[in-house]
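In what follows, a single structure is set out as structure tokens and then discussed.
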Amino acid sequence: MKLVRINLFLVFFSFIFILPSNAAETFQLINGDRISGDFVKETASAIILNTASMGQIELNKAYIQVDSIQKPEAKRLWGWQWPEYWSGKASAGFSGTRGNTETTSVNASVALKRKIEKKNEFDIKMSLSGQDEEGVTISQKADGLVRYAWSFGPSKKWYNYYSVEVDHDRFANIRVRLVPQVGLGYWFWDTDDIKLMTEAGLGVQYTKFREPDESETELIAIPRAYFEKRLFKDSTFSQEAIAYPSLTELGEYRLHLETAFTNPISDELALKVSWINDFNSNPGPDIKKHDMEWLLSLEYSF
């Protein structure tokens, strides 16, 4: 797949970047008062609004006149209405050099999330990256994730999850790698200022190689840790570490390490710098164990 194909995704993301914000909504309370604000989300018992004078507030549906509760005007993409309860982020980046060397790098990603209160969470993620040097493709990666998590316990800090990961890395000789998994996790902190969680999973890893045209299946463990800290204003620093030790071939493992700094430009746009290191203890002949990349991208939240 050439980089021009990835550029089609950048065109798609450019349309996402110009989606309009939600229109203000007005709700009438049973005592006659009216409250206006930008719709944030709706739960089974309340409606969350962003107001100009009071910030984010929660309106209990029991105090709202039933006939005044209307669904907010959803964002639209090419005439398609964005589903209720969903939020997301889309990012795209491009860099190039000309002169002694000619290189072109692109990256794009999209992440969708559906979260109802603190109990159910559904995630869909996809990312692409590639690099050309002197007209020759030297890097080509794609990965995706579908995940469902269900929280339990009095504080909802414990959760179990079920997910499927899929990825492709041409120059690591991976045509496709599929990892269905289940696991258990715990949130130590989950606030606007700091987030810290850890989880442990068990999965089956199926790998289809490019050359030779062979495949292998193995049982793996999947420990993961995630940390995020809000810095000055709304800038954030985050780190994620995921290990994939093989339980079939003892001593073999993969590591995924990702560090990111995100700085907001506006309420919806942010500049993001990421460093990613993928390590494989047994990558195969003529393939390096470490595969590192820097990504600079513009991120849009919707």
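We label chains A, B, ... in the order they appear in the structure tokens, count residues from 1 in each chain, and number ligands from 1 in the order shown.
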Within 8 Å of Trp275 in chain A, counting only C-alpha atoms, which residues show up once you throw out same-chain ones fewer than 4 positions away? Write them as an mmCIF file with N, CA and C atoms, in the first residue's frame, please.
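Listed below is the output, out-v3.cif:
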```cif
data_model
loop_
_atom_site.group_PDB
_atom_site.id
_atom_site.type_symbol
_atom_site.label_atom_id
_atom_site.label_comp_id
_atom_site.auth_asym_id
_atom_site.auth_seq_id
_atom_site.Cartn_x
_atom_site.Cartn_y
_atom_site.Cartn_z
ATOM 1 N N GLU A 258 4.510 3.753 24.802
ATOM 2 C CA GLU A 258 4.082 4.968 24.121
ATOM 3 C C GLU A 258 4.041 6.126 25.115
ATOM 4 N N THR A 259 4.732 7.208 24.773
ATOM 5 C CA THR A 259 4.750 8.432 25.568
ATOM 6 C C THR A 259 4.213 9.561 24.705
ATOM 7 N N ALA A 260 3.322 10.391 25.273
ATOM 8 C CA ALA A 260 2.702 11.455 24.477
ATOM 9 C C ALA A 260 2.554 12.728 25.294
ATOM 10 N N MET A 292 11.159 2.122 16.529
ATOM 11 C CA MET A 292 10.768 3.358 17.189
ATOM 12 C C MET A 292 10.328 4.409 16.178
ATOM 13 N N GLU A 293 9.380 5.264 16.575
ATOM 14 C CA GLU A 293 8.940 6.350 15.711
ATOM 15 C C GLU A 293 8.433 7.530 16.540
ATOM 16 N N TRP A 294 8.652 8.730 15.976
ATOM 17 C CA TRP A 294 8.125 9.976 16.531
ATOM 18 C C TRP A 294 6.972 10.424 15.654
ATOM 19 N N LEU A 295 5.886 10.867 16.281
ATOM 20 C CA LEU A 295 4.722 11.321 15.531
ATOM 21 C C LEU A 295 4.312 12.711 16.008
#
```
(message) Applying 12 Å and only C-alpha atoms, which residues near range 231-245 of chain A remain after dropping the ones on its own chain fewer than 6 positions away? List them as an NGL selection string.
(response) :A and (179 or 181 or 192-205 or 218-225 or 251-282)
(request) Report the residues of range 69-259 of chain A whose backbone DSSP state falls under strand (DSSP E), written as a PyMOL selection string. (result) chain A and resi 76-77+80-81+86-97+103-116+120-133+136-152+158-169+174-190+194-209+215-230+236-245+253-259
Mind running range 95-126 of chain A against range 146-160 of chain A at 12 Å and telling me each contacting residue's nearest atom pair with the distance in Å (one decimal), counting only C-alpha atoms, chain and number ascending, as CSV?
```
residue,atom,partner,partner_atom,distance
A:Ala111,CA,A:Val146,CA,10.0
A:Leu112,CA,A:Val146,CA,9.7
A:Lys113,CA,A:Arg147,CA,9.6
A:Arg114,CA,A:Tyr148,CA,9.5
A:Lys115,CA,A:Ala149,CA,9.6
A:Ile116,CA,A:Trp150,CA,10.4
A:Glu117,CA,A:Ser151,CA,10.1
A:Lys118,CA,A:Lys156,CA,6.7
A:Lys119,CA,A:Ser151,CA,4.7
A:Asn120,CA,A:Trp150,CA,4.9
A:Glu121,CA,A:Ala149,CA,5.2
A:Phe122,CA,A:Tyr148,CA,4.5
A:Asp123,CA,A:Arg147,CA,5.1
A:Ile124,CA,A:Val146,CA,4.7
A:Lys125,CA,A:Val146,CA,6.7
A:Met126,CA,A:Val146,CA,9.1
```
(message) When you look at Ser105 in chain A with a cut-off of 9 Å (counting only C-alpha atoms), what residues show up, excluding the ones that are within fewer than 3 positions of it in the same chain? I need them as an NGL selection string.
(response) :A and (3 or 93-96 or 129-133 or 139)
Please produce a file of the residues just selected, as a CSV table (one decimal), in the first residue's frame, where the atoms kept are N, CA and C atoms.
```csv
chain,number,residue,atom,x,y,z
A,3,LEU,N,1.8,5.4,0.1
A,3,LEU,CA,1.4,6.5,1.0
A,3,LEU,C,0.2,7.3,0.4
A,93,GLY,N,-1.2,13.8,10.8
A,93,GLY,CA,0.1,14.5,10.7
A,93,GLY,C,0.8,14.2,9.4
A,94,PHE,N,1.7,15.1,9.1
A,94,PHE,CA,2.4,15.0,7.8
A,94,PHE,C,3.8,15.7,8.0
A,95,SER,N,4.8,15.1,7.5
A,95,SER,CA,6.1,15.8,7.4
A,95,SER,C,6.9,15.3,6.2
A,96,GLY,N,7.8,16.2,5.8
A,96,GLY,CA,8.6,15.8,4.6
A,96,GLY,C,9.9,16.6,4.6
A,129,SER,N,0.2,4.6,9.7
A,129,SER,CA,1.4,5.5,9.5
A,129,SER,C,2.3,4.9,8.4
A,130,GLY,N,3.0,5.7,7.8
A,130,GLY,CA,3.9,5.3,6.7
A,130,GLY,C,4.9,6.3,6.4
A,131,GLN,N,6.0,5.8,5.7
A,131,GLN,CA,7.1,6.7,5.4
A,131,GLN,C,7.7,6.3,4.1
A,132,ASP,N,8.0,7.3,3.2
A,132,ASP,CA,8.7,7.0,1.9
A,132,ASP,C,10.0,7.7,2.0
A,133,GLU,N,11.0,7.1,1.4
A,133,GLU,CA,12.4,7.8,1.2
A,133,GLU,C,12.9,7.6,-0.2
A,139,SER,N,8.4,2.3,5.6
A,139,SER,CA,7.7,2.0,6.8
A,139,SER,C,6.2,2.0,6.5
```
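The space separating CA of Glu102 in chain A from CA of Asp143 in chain A comes to 26.3 Å.
For the pair CA of His168 in chain A and CA of Ala142 in chain A, the separation is 5.1 Å.
Using only C-alpha atoms, the protein and nucleic acid residues lying no more than 7 Å from Leu29 in chain A, apart from those fewer than 6 places from it along its own chain, are A:Tyr63, A:Ile64, A:Gln65.
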Please produce a file of those selected residues containing N, CA and C atoms, as a short mmCIF file (atom, residue, chain, number, x, y, z; two decimals), in the first residue's frame.
```
data_model
loop_
_atom_site.label_atom_id
_atom_site.label_comp_id
_atom_site.auth_asym_id
_atom_site.auth_seq_id
_atom_site.Cartn_x
_atom_site.Cartn_y
_atom_site.Cartn_z
N TYR A 63 -36.76 17.03 37.62
CA TYR A 63 -37.12 18.43 37.79
C TYR A 63 -37.28 19.17 36.47
N ILE A 64 -37.23 18.42 35.37
CA ILE A 64 -37.37 19.03 34.05
C ILE A 64 -38.74 18.69 33.49
N GLN A 65 -39.41 19.68 32.90
CA GLN A 65 -40.68 19.40 32.25
C GLN A 65 -40.46 18.43 31.10
#
```
(message) As an exercise, work out the distance from CA of Ala172 in chain A to CA of Lys288 in chain A in Å and give it to one decimal place.
(response) 8.3 Å
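Excluding Pro285 in chain A itself and same-chain residues fewer than 5 positions from it, the residues having an atom within 12 Å of it are A:Phe171, A:Ala172, A:Asn173, A:Glu211, A:Pro212, counting only C-alpha atoms.
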(request) as a ChimeraX atom specification, please: all residues of range 28-154 of chain A that backbone DSSP puts in helix (DSSP H, G or I). (result) /A:61-63,66-68
(message) When you count only C-alpha atoms, which of these residues is closest to Leu247 in chain A: A:Tyr226, A:Ile47, A:Ile30, A:Thr217?
(response) A:Thr217
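Across A:Pro283, A:Gly55, A:Gly32, A:Gly144, the tightest approach to Val176 in chain A is made by A:Gly144 when counting only C-alpha atoms.
Residues lying within 8 Å of Arg170 in chain A, counting only C-alpha atoms and ignoring same-chain neighbours fewer than 6 positions away, are A:Ser139, A:Gln140, A:Lys141, A:Arg210.
Distances here use only C-alpha atoms; by that measure, the residue among A:Asp38, A:Leu298, A:Asn31, A:Glu165 closest to Ala62 in chain A is A:Asn31.
Nearest residue to Val106 in chain A among A:Val40, A:Ala90, A:Lys229, A:Ser127 is A:Ser127, counting only C-alpha atoms.
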